[in-house]
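Structure file work_29.csv (CSV, C-alpha atoms and all ligand atoms) is printed below.
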```csv
chain,number,residue,atom,x,y,z
C,1,MET,CA,-12.0,20.5,10.6
C,2,SER,CA,-15.6,20.3,9.3
C,3,ILE,CA,-15.9,17.3,7.0
C,4,ASP,CA,-17.8,18.2,3.8
C,5,ALA,CA,-17.8,14.6,2.6
C,6,LEU,CA,-17.1,11.0,3.8
C,7,ILE,CA,-15.7,9.0,0.9
C,8,PHE,CA,-16.2,5.3,1.5
C,9,ASP,CA,-14.4,2.5,-0.2
C,10,VAL,CA,-16.7,-0.5,-0.8
C,11,ASP,CA,-15.1,-4.0,-0.6
C,12,GLY,CA,-13.7,-4.7,2.9
C,13,THR,CA,-14.8,-1.2,4.2
C,14,MET,CA,-18.6,-0.9,3.8
C,15,ALA,CA,-19.0,-4.7,3.9
C,16,ASP,CA,-16.6,-7.7,4.2
C,17,THR,CA,-17.2,-8.9,0.7
C,18,GLU,CA,-14.0,-10.6,-0.4
C,19,GLU,CA,-15.1,-14.1,0.6
C,20,ALA,CA,-18.2,-13.7,-1.6
C,21,HIS,CA,-15.9,-12.5,-4.4
C,22,ARG,CA,-13.6,-15.4,-4.0
C,23,VAL,CA,-16.4,-18.0,-4.1
C,24,ALA,CA,-17.9,-16.2,-7.2
C,25,PHE,CA,-14.5,-16.4,-9.0
C,26,ASN,CA,-14.3,-20.1,-8.3
C,27,LEU,CA,-17.8,-20.7,-9.5
C,28,ALA,CA,-16.9,-18.9,-12.8
C,29,PHE,CA,-13.8,-21.0,-13.1
C,30,GLU,CA,-15.9,-24.2,-12.6
C,31,ARG,CA,-18.5,-23.0,-15.2
C,32,GLN,CA,-15.8,-22.6,-17.8
C,33,GLY,CA,-14.2,-25.9,-16.8
C,34,LEU,CA,-10.8,-24.3,-16.1
C,35,GLY,CA,-9.9,-26.5,-13.1
C,36,TRP,CA,-8.8,-23.5,-11.1
C,37,SER,CA,-9.8,-22.8,-7.5
C,38,TRP,CA,-8.5,-19.9,-5.5
C,39,SER,CA,-8.0,-20.8,-1.8
C,40,PRO,CA,-8.4,-18.1,0.9
C,41,ALA,CA,-4.6,-17.9,1.2
C,42,ALA,CA,-4.1,-17.6,-2.5
C,43,TYR,CA,-6.9,-15.0,-2.9
C,44,ARG,CA,-5.4,-12.9,0.0
C,45,ARG,CA,-2.2,-12.7,-2.1
C,46,LEU,CA,-4.1,-12.0,-5.3
C,47,LEU,CA,-5.9,-9.1,-3.6
C,48,GLU,CA,-2.7,-7.1,-3.9
C,49,VAL,CA,-3.9,-6.6,-7.5
C,50,THR,CA,-7.0,-4.4,-7.5
C,51,GLY,CA,-9.8,-5.0,-10.0
C,52,GLY,CA,-11.2,-8.4,-10.8
C,53,LYS,CA,-10.3,-8.4,-14.5
C,54,GLU,CA,-6.7,-7.2,-13.6
C,55,ARG,CA,-6.5,-10.0,-11.0
C,56,LEU,CA,-7.5,-12.6,-13.5
C,57,CYS,CA,-4.9,-11.4,-16.0
C,58,HIS,CA,-2.3,-11.4,-13.2
C,59,HIS,CA,-3.2,-15.0,-12.4
C,60,ILE,CA,-3.0,-16.1,-16.1
C,61,ASP,CA,0.3,-14.3,-16.6
C,62,ALA,CA,1.8,-16.3,-13.7
C,63,LEU,CA,0.7,-19.7,-15.2
C,64,ASP,CA,3.4,-21.9,-16.7
C,65,VAL,CA,1.7,-22.3,-20.1
C,66,ALA,CA,2.6,-21.8,-23.8
C,67,ASP,CA,2.0,-18.4,-25.2
C,68,THR,CA,-0.8,-19.6,-27.4
C,69,GLU,CA,-2.6,-21.0,-24.3
C,70,ARG,CA,-1.9,-17.8,-22.4
C,71,ARG,CA,-3.5,-15.8,-25.2
C,72,ARG,CA,-6.5,-18.1,-25.2
C,73,LEU,CA,-7.0,-17.8,-21.5
C,74,LEU,CA,-6.6,-14.0,-21.6
C,75,ALA,CA,-9.3,-13.8,-24.2
C,76,LEU,CA,-11.6,-15.5,-21.7
C,77,VAL,CA,-11.2,-12.8,-19.1
C,78,PRO,CA,-14.2,-10.6,-20.0
C,79,SER,CA,-16.6,-13.5,-20.0
C,80,LEU,CA,-15.1,-15.0,-16.9
C,81,HIS,CA,-15.5,-11.7,-15.1
C,82,ALA,CA,-19.0,-11.3,-16.3
C,83,ASP,CA,-19.9,-14.7,-15.0
C,84,LYS,CA,-18.2,-14.0,-11.7
C,85,THR,CA,-20.1,-10.7,-11.4
C,86,LYS,CA,-23.4,-12.5,-11.9
C,87,PHE,CA,-22.5,-15.1,-9.2
C,88,TYR,CA,-21.4,-12.4,-6.8
C,89,THR,CA,-24.3,-10.0,-7.3
C,90,ALA,CA,-26.8,-12.9,-6.8
C,91,VAL,CA,-25.3,-13.6,-3.4
C,92,VAL,CA,-25.3,-9.9,-2.4
C,93,ARG,CA,-28.9,-9.5,-3.6
C,94,ASP,CA,-29.9,-12.4,-1.4
C,95,GLY,CA,-28.6,-10.5,1.6
C,96,GLY,CA,-25.5,-12.7,1.9
C,97,VAL,CA,-23.2,-9.7,2.6
C,98,PRO,CA,-24.2,-7.3,5.5
C,99,LEU,CA,-22.7,-3.9,6.2
C,100,ARG,CA,-19.8,-3.9,8.7
C,101,PRO,CA,-20.5,-2.6,12.2
C,102,GLY,CA,-21.1,1.2,12.4
C,103,VAL,CA,-21.2,1.9,8.6
C,104,ALA,CA,-25.0,2.6,8.5
C,105,ARG,CA,-24.8,4.6,11.8
C,106,LEU,CA,-21.9,6.8,10.6
C,107,MET,CA,-23.7,7.4,7.3
C,108,ASP,CA,-26.8,8.5,9.2
C,109,GLU,CA,-24.8,10.8,11.4
C,110,ALA,CA,-23.1,12.3,8.4
C,111,LEU,CA,-26.3,12.9,6.5
C,112,ALA,CA,-28.0,14.4,9.6
C,113,ALA,CA,-25.0,16.8,10.0
C,114,GLY,CA,-25.2,17.9,6.4
C,115,CYS,CA,-22.0,16.0,5.5
C,116,ARG,CA,-22.3,14.4,2.0
C,117,LEU,CA,-21.5,10.7,1.3
C,118,ALA,CA,-19.4,9.4,-1.6
C,119,ILE,CA,-18.0,6.1,-2.9
C,120,ALA,CA,-14.6,5.5,-4.4
C,121,SER,CA,-14.2,1.9,-5.3
C,122,THR,CA,-12.2,-0.4,-7.6
C,123,THR,CA,-15.1,-2.8,-7.8
C,124,SER,CA,-17.6,-3.0,-10.7
C,125,ALA,CA,-20.6,-0.7,-10.7
C,126,ALA,CA,-23.0,-3.7,-10.7
C,127,ASN,CA,-21.5,-4.9,-7.4
C,128,VAL,CA,-21.9,-1.4,-5.8
C,129,ASP,CA,-25.6,-1.2,-7.0
C,130,ALA,CA,-26.3,-4.7,-5.7
C,131,LEU,CA,-24.7,-4.1,-2.3
C,132,LEU,CA,-26.3,-0.7,-1.7
C,133,ALA,CA,-29.8,-2.0,-2.7
C,134,ALA,CA,-29.5,-5.1,-0.6
C,135,THR,CA,-28.2,-3.3,2.5
C,136,LEU,CA,-29.7,0.2,2.4
C,137,GLY,CA,-32.9,-0.5,0.4
C,138,ALA,CA,-34.2,0.8,-3.0
C,139,ARG,CA,-33.0,4.4,-2.1
C,140,GLY,CA,-29.5,3.2,-1.0
C,141,LEU,CA,-27.9,4.7,-4.1
C,142,ASP,CA,-29.6,8.0,-3.6
C,143,LEU,CA,-27.8,8.5,-0.2
C,144,PHE,CA,-24.5,9.1,-2.1
C,145,SER,CA,-23.9,12.4,-3.8
C,146,VAL,CA,-21.0,10.8,-5.8
C,147,ILE,CA,-20.3,7.2,-6.8
C,148,VAL,CA,-17.1,6.5,-8.8
C,149,CYS,CA,-16.0,2.9,-9.3
C,150,GLY,CA,-14.7,0.2,-11.5
C,151,ASP,CA,-13.5,1.2,-15.0
C,152,ARG,CA,-14.3,4.9,-14.6
C,153,VAL,CA,-10.5,5.4,-14.2
C,154,GLN,CA,-7.8,3.7,-16.2
C,155,ALA,CA,-5.3,3.5,-13.3
C,156,LYS,CA,-7.0,1.7,-10.3
C,157,LYS,CA,-5.9,1.8,-6.7
C,158,PRO,CA,-3.2,2.4,-5.4
C,159,ALA,CA,-3.2,5.1,-8.0
C,160,PRO,CA,-5.0,8.3,-6.7
C,161,ASP,CA,-7.2,8.6,-9.8
C,162,ILE,CA,-10.5,7.2,-8.3
C,163,TYR,CA,-10.3,9.5,-5.3
C,164,ALA,CA,-9.2,12.5,-7.4
C,165,LEU,CA,-12.3,11.9,-9.5
C,166,ALA,CA,-14.5,11.6,-6.5
C,167,LEU,CA,-13.1,15.0,-5.1
C,168,ARG,CA,-13.6,16.6,-8.5
C,169,ASN,CA,-17.2,15.4,-8.8
C,170,LEU,CA,-17.9,16.5,-5.2
C,171,GLY,CA,-16.3,19.9,-6.0
C,172,ILE,CA,-14.2,19.9,-2.8
C,173,GLU,CA,-10.6,20.0,-1.8
C,174,PRO,CA,-8.9,17.0,-0.2
C,175,ALA,CA,-8.7,18.8,3.2
C,176,SER,CA,-12.5,18.8,3.3
C,177,ALA,CA,-12.9,15.1,3.0
C,178,VAL,CA,-12.2,11.9,5.0
C,179,ALA,CA,-11.6,8.6,3.2
C,180,ILE,CA,-12.5,5.3,4.9
C,181,GLU,CA,-10.6,2.3,3.6
C,182,ASP,CA,-9.7,-1.3,4.4
C,183,SER,CA,-6.5,-2.0,2.5
C,184,LEU,CA,-3.0,-0.8,1.8
C,185,ASN,CA,-3.8,-0.2,-1.9
C,186,GLY,CA,-6.9,1.9,-0.8
C,187,LEU,CA,-4.9,3.8,1.8
C,188,ARG,CA,-2.2,4.6,-0.7
C,189,SER,CA,-4.8,5.8,-3.3
C,190,ALA,CA,-6.6,8.1,-0.8
C,191,ARG,CA,-3.3,9.5,0.6
C,192,ALA,CA,-1.9,10.1,-2.9
C,193,ALA,CA,-5.0,12.2,-3.5
C,194,GLY,CA,-4.2,14.1,-0.3
C,195,ILE,CA,-7.1,12.8,1.8
C,196,TRP,CA,-6.9,12.0,5.6
C,197,THR,CA,-7.7,8.3,5.8
C,198,LEU,CA,-9.2,6.0,8.4
C,199,VAL,CA,-8.5,2.3,7.9
C,200,THR,CA,-10.6,-0.5,9.2
C,201,PRO,CA,-8.8,-3.6,7.9
C,202,THR,CA,-10.3,-7.2,7.6
C,203,TYR,CA,-8.7,-10.6,7.5
C,204,TRP,CA,-8.1,-10.0,3.8
C,205,SER,CA,-6.1,-6.8,4.3
C,206,ASP,CA,-4.7,-6.7,7.9
C,207,ASP,CA,-1.2,-7.9,7.2
C,208,ALA,CA,0.0,-4.5,6.0
C,209,ASP,CA,1.7,-1.5,7.6
C,210,PHE,CA,-0.9,1.3,7.7
C,211,GLY,CA,1.7,3.8,8.8
C,212,ASP,CA,0.3,6.6,6.6
C,213,ALA,CA,-3.2,6.3,8.0
C,214,GLY,CA,-4.7,9.0,10.2
C,215,LEU,CA,-6.3,6.3,12.3
C,216,VAL,CA,-6.6,2.5,12.3
C,217,LEU,CA,-9.5,0.7,14.0
C,218,PRO,CA,-10.7,-2.9,13.7
C,219,ASN,CA,-14.1,-1.4,12.6
C,220,LEU,CA,-16.2,1.7,13.2
C,221,GLY,CA,-17.9,0.1,16.2
C,222,ASP,CA,-21.5,0.5,17.2
C,223,VAL,CA,-23.9,0.5,20.2
C,224,ASP,CA,-24.4,-3.2,19.8
C,225,ALA,CA,-20.7,-3.8,18.7
C,226,PRO,CA,-18.6,-1.7,21.0
C,227,LEU,CA,-14.9,-1.5,20.3
C,228,GLN,CA,-12.8,-3.4,22.9
C,229,GLY,CA,-11.0,-1.0,25.4
C,230,GLU,CA,-13.0,2.0,24.2
C,231,PRO,CA,-13.6,4.8,25.1
C,232,GLY,CA,-10.3,5.7,26.7
C,233,HIS,CA,-7.7,4.1,24.4
C,234,LEU,CA,-7.9,5.9,21.1
C,235,LEU,CA,-11.5,7.1,21.3
C,236,ARG,CA,-12.7,9.7,23.8
C,237,ASP,CA,-16.5,10.0,23.3
C,238,ALA,CA,-17.7,6.4,23.0
C,239,ALA,CA,-16.9,2.8,22.3
C,240,TRP,CA,-17.6,3.5,18.6
C,241,LEU,CA,-16.4,6.2,16.2
C,242,GLY,CA,-19.0,9.0,15.8
C,243,LEU,CA,-18.8,11.8,13.3
C,244,PRO,CA,-17.8,14.6,15.8
C,245,GLU,CA,-14.9,12.5,17.1
C,246,LEU,CA,-13.9,11.5,13.5
C,247,ALA,CA,-13.7,15.3,12.7
C,248,ARG,CA,-11.7,15.9,15.8
C,249,LEU,CA,-9.2,13.1,15.1
C,250,ALA,CA,-8.9,14.0,11.4
C,251,THR,CA,-7.8,17.5,12.6
C,252,ALA,CA,-5.5,16.3,15.3
C,253,ALA,CA,-4.1,13.3,13.5
C,254,SER,CA,-3.7,15.0,10.1
C,255,THR,CA,-0.8,17.0,11.7
C,256,ALA,CA,0.6,13.9,13.5
C,257,THR,CA,3.1,11.8,11.5
C,258,HIS,CA,2.2,8.4,13.0
C,259,ALA,CA,-1.0,6.4,12.8
C,260,THR,CA,-2.5,5.3,16.0
C,261,THR,CA,-3.6,1.7,16.1
C,262,LEU,CA,-6.3,0.5,18.5
C,263,HIS,CA,-4.8,-3.0,18.7
C,264,PRO,CA,-1.1,-3.0,18.1
C,265,ARG,CA,-0.2,-6.0,16.0
C,266,PRO,CA,2.6,-8.3,17.4
C,267,GLN,CA,5.2,-6.7,15.1
C,268,GLU,CA,4.3,-3.2,16.2
C,269,SER,CA,5.3,-1.5,19.4
C,270,PHE,CA,2.5,0.9,20.6
C,271,ARG,CA,3.3,4.4,19.4
Q,1,LIG,C1,-11.8,-4.2,-4.2
Q,1,LIG,C2,-11.3,-4.7,-5.5
Q,1,LIG,C3,-12.3,-5.4,-6.4
Q,1,LIG,C4,-13.0,-6.5,-5.8
Q,1,LIG,C5,-13.6,-7.4,-6.8
Q,1,LIG,O1,-12.4,-3.0,-4.5
Q,1,LIG,O2,-10.1,-4.6,-5.8
Q,1,LIG,O3,-11.6,-5.8,-7.6
Q,1,LIG,O4,-12.0,-7.3,-5.1
Q,1,LIG,O5,-14.5,-6.7,-7.6
Q,1,LIG,P1,-12.5,-1.8,-3.4
Q,1,LIG,P2,-14.4,-6.7,-9.2
Q,1,LIG,O6,-11.8,-2.3,-2.1
Q,1,LIG,O7,-11.8,-0.6,-4.0
Q,1,LIG,O8,-14.0,-1.6,-3.2
Q,1,LIG,O9,-14.3,-8.1,-9.6
Q,1,LIG,O10,-15.7,-6.1,-9.7
Q,1,LIG,O11,-13.2,-5.8,-9.5
Q,2,MG,MG,-11.4,-2.2,-0.2
```

Reformat the file's structure so that it appears as structure tokens.
Ligand code: XBP
Ligand code: MG
Amino acid sequence: MSIDALIFDVDGTMADTEEAHRVAFNLAFERQGLGWSWSPAAYRRLLEVTGGKERLCHHIDALDVADTERRRLLALVPSLHADKTKFYTAVVRDGGVPLRPGVARLMDEALAAGCRLAIASTTSAANVDALLAATLGARGLDLFSVIVCGDRVQAKKPAPDIYALALRNLGIEPASAVAIEDSLNGLRSARAAGIWTLVTPTYWSDDADFGDAGLVLPNLGDVDAPLQGEPGHLLRDAAWLGLPELARLATAASTATHATTLHPRPQESFR
């Protein structure tokens, strides 16, 4: 399989961003005097709802308040989310959220091999711009042939819409792309669009069954961040995932029916 495009998810995949999002939400709540504060455990559950505005509405819908108060709070969502985005992008611009291991390396390998890069994210465009500029420099955005995110689609992940739009804008079929995700919603979205998907979960997303993934790794690995037990467990070429091996695994695993997990979680027997 020659990969025409790597389609990256952003939050949790390119960078471990959700703690910064969580803190930004809490700062926005404080600014509007709402008395809300999302703990890590609460936010981990709320991440089952993709999209910050949708997550806020979900939180408000679950509150035990009178309908008039619920309507008042729902009317605050746009300004709350705008405040949150300002707090979040400020942290990102200050370099508070680095790329995960191997992301820049795999991007370089892909570009050098003539493989295009794309982004398919539920997050807001301002967040993508801030992260790419802070981590990849002023030309960070130019490295991507296609960037689709936020409200460009009505139905957010796990719906396939954002990946289908990325494929359309790339002008390629699903079989010519690989998606790189971190969460079950993201995996479902990419798989529903027919794309072979690699999952690199974080604390915020690792309590899921990624059975429909082509491959699950703790991260992409890198020369200075080798994956434990590699090469030899799931990877053949090195202790990090390189483009040639990704293409080989996408071909081999796309016919397999089971994901292979580098570190089987307690509830999983090794397949
Ligand atoms: C993750 C999301 C986003 C972020 C918050 O996006 O679901 O909602 O949590 O960003 P992805 P916003 O993993 O698809 O990159 O508040 O801008 O939505
Ligand atoms: Mg994600």

For this session: Find the residues near region 20-26 of chain C: any atom within 12 Å, counting only C-alpha atoms, skip ones fewer than 2 places away on the same chain, and give them as a PyMOL selection string.
Result: chain C and resi 11-12+15-18+28-47+51-53+55-56+59+77+79-98+123-124+127+131+204

Exercise. Using all atoms listed in the file, which of C:Met107, C:Ala238, C:Ala179, C:Leu170 sits nearest ligand LIG 1 (chain Q)?
Worked result: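 The closest residue to ligand LIG 1 (chain Q) is C:Ala179.
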
Exercise. Between C:Ala125, C:Cys115, C:Ile195, C:Leu6, which has the minimum distance to ligand LIG 1 (chain Q) (counting all atoms listed in the file)?
Worked result: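 Nearest to ligand LIG 1 (chain Q): C:Ala125.
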
Rows by chain and residue number, chain C within 6 Å of ligand MG 2 (chain Q), shortest pair, all atoms listed in the file, as a tab-separated table:
```
residue	atom	partner	partner_atom	distance
C:Asp9	CA	Q:MG2	MG	5.6
C:Val10	CA	Q:MG2	MG	5.6
C:Asp11	CA	Q:MG2	MG	4.1
C:Gly12	CA	Q:MG2	MG	4.6
C:Thr13	CA	Q:MG2	MG	5.6
C:Glu181	CA	Q:MG2	MG	5.9
C:Asp182	CA	Q:MG2	MG	5.0
C:Ser183	CA	Q:MG2	MG	5.6
```

Exercise. Expressed in Å to a single decimal, how great is the separation between atom O8 of ligand LIG 1 (chain Q) and CA of Glu54 (chain C)?
Worked result: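 Rounded to one decimal, the two atoms are 13.9 Å apart.
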
Need the axis-aligned box for region 172-186 of chain C with 8 Å each side, so what are the centre and edges in Å to one decimal, as JSON?
```
{"center_x": -8.6, "center_y": 9.0, "center_z": 1.1, "size_x": 27.2, "size_y": 38.0, "size_z": 23.8}
```

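You can rank C:Leu246, C:Asp209, C:Lys156, C:Glu230 by their closest distance to Trp196 (chain C) using only C-alpha atoms, and at the top of that list sits C:Leu246.
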
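You will find atom O7 of ligand LIG 1 (chain Q) at 28.0 Å from CA of Arg72 (chain C).
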
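With only C-alpha atoms and all ligand atoms as the atoms that count, the residue of C:Asp61, C:Asp151, C:Asp207, C:Asp142 with the shortest distance to ligand LIG 1 (chain Q) is C:Asp151.
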
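Counting only C-alpha atoms and all ligand atoms, the residue from C:Ile119, C:Leu73, C:Leu111, C:Ala5 that sits nearest to ligand LIG 1 (chain Q) is C:Ile119.
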
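Nearest to ligand LIG 1 (chain Q) of all the residues C:Leu198, C:Leu184, C:Val223, C:Ile3 is C:Leu184, counting all atoms listed in the file.
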
For this session: Mind giving me the straight-line distance from CA of Ala112 (chain C) to CA of Ala177 (chain C) in Å, one decimal?
Result: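 CA of Ala177 (chain C) lies at a distance of 16.5 Å from CA of Ala112 (chain C).
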
Please write as an mmCIF file with C-alpha atoms, in the coordinates of the input the list of polymer residues whose atoms come within 9 Å of (-7.2, 1.3, 7.3), counting only C-alpha atoms and keeping to the coordinates of the file.
```cif
data_model
loop_
_atom_site.group_PDB
_atom_site.id
_atom_site.type_symbol
_atom_site.label_atom_id
_atom_site.label_comp_id
_atom_site.auth_asym_id
_atom_site.auth_seq_id
_atom_site.Cartn_x
_atom_site.Cartn_y
_atom_site.Cartn_z
ATOM 1 C CA THR C 13 -14.800 -1.200 4.200
ATOM 2 C CA ILE C 180 -12.500 5.300 4.900
ATOM 3 C CA GLU C 181 -10.600 2.300 3.600
ATOM 4 C CA ASP C 182 -9.700 -1.300 4.400
ATOM 5 C CA SER C 183 -6.500 -2.000 2.500
ATOM 6 C CA LEU C 184 -3.000 -0.800 1.800
ATOM 7 C CA GLY C 186 -6.900 1.900 -0.800
ATOM 8 C CA LEU C 187 -4.900 3.800 1.800
ATOM 9 C CA THR C 197 -7.700 8.300 5.800
ATOM 10 C CA LEU C 198 -9.200 6.000 8.400
ATOM 11 C CA VAL C 199 -8.500 2.300 7.900
ATOM 12 C CA THR C 200 -10.600 -0.500 9.200
ATOM 13 C CA PRO C 201 -8.800 -3.600 7.900
ATOM 14 C CA SER C 205 -6.100 -6.800 4.300
ATOM 15 C CA ASP C 206 -4.700 -6.700 7.900
ATOM 16 C CA PHE C 210 -0.900 1.300 7.700
ATOM 17 C CA ALA C 213 -3.200 6.300 8.000
ATOM 18 C CA GLY C 214 -4.700 9.000 10.200
ATOM 19 C CA LEU C 215 -6.300 6.300 12.300
ATOM 20 C CA VAL C 216 -6.600 2.500 12.300
ATOM 21 C CA LEU C 217 -9.500 0.700 14.000
ATOM 22 C CA PRO C 218 -10.700 -2.900 13.700
#
```

Exercise. Leaving out Ala239 (chain C) and any residue of its chain fewer than 4 positions from it, which residues lie within 7 Å of it when counting all atoms listed in the file, given as an MDAnalysis selection string?
Worked result: chainID C and resid 221 226:227 230:231 235
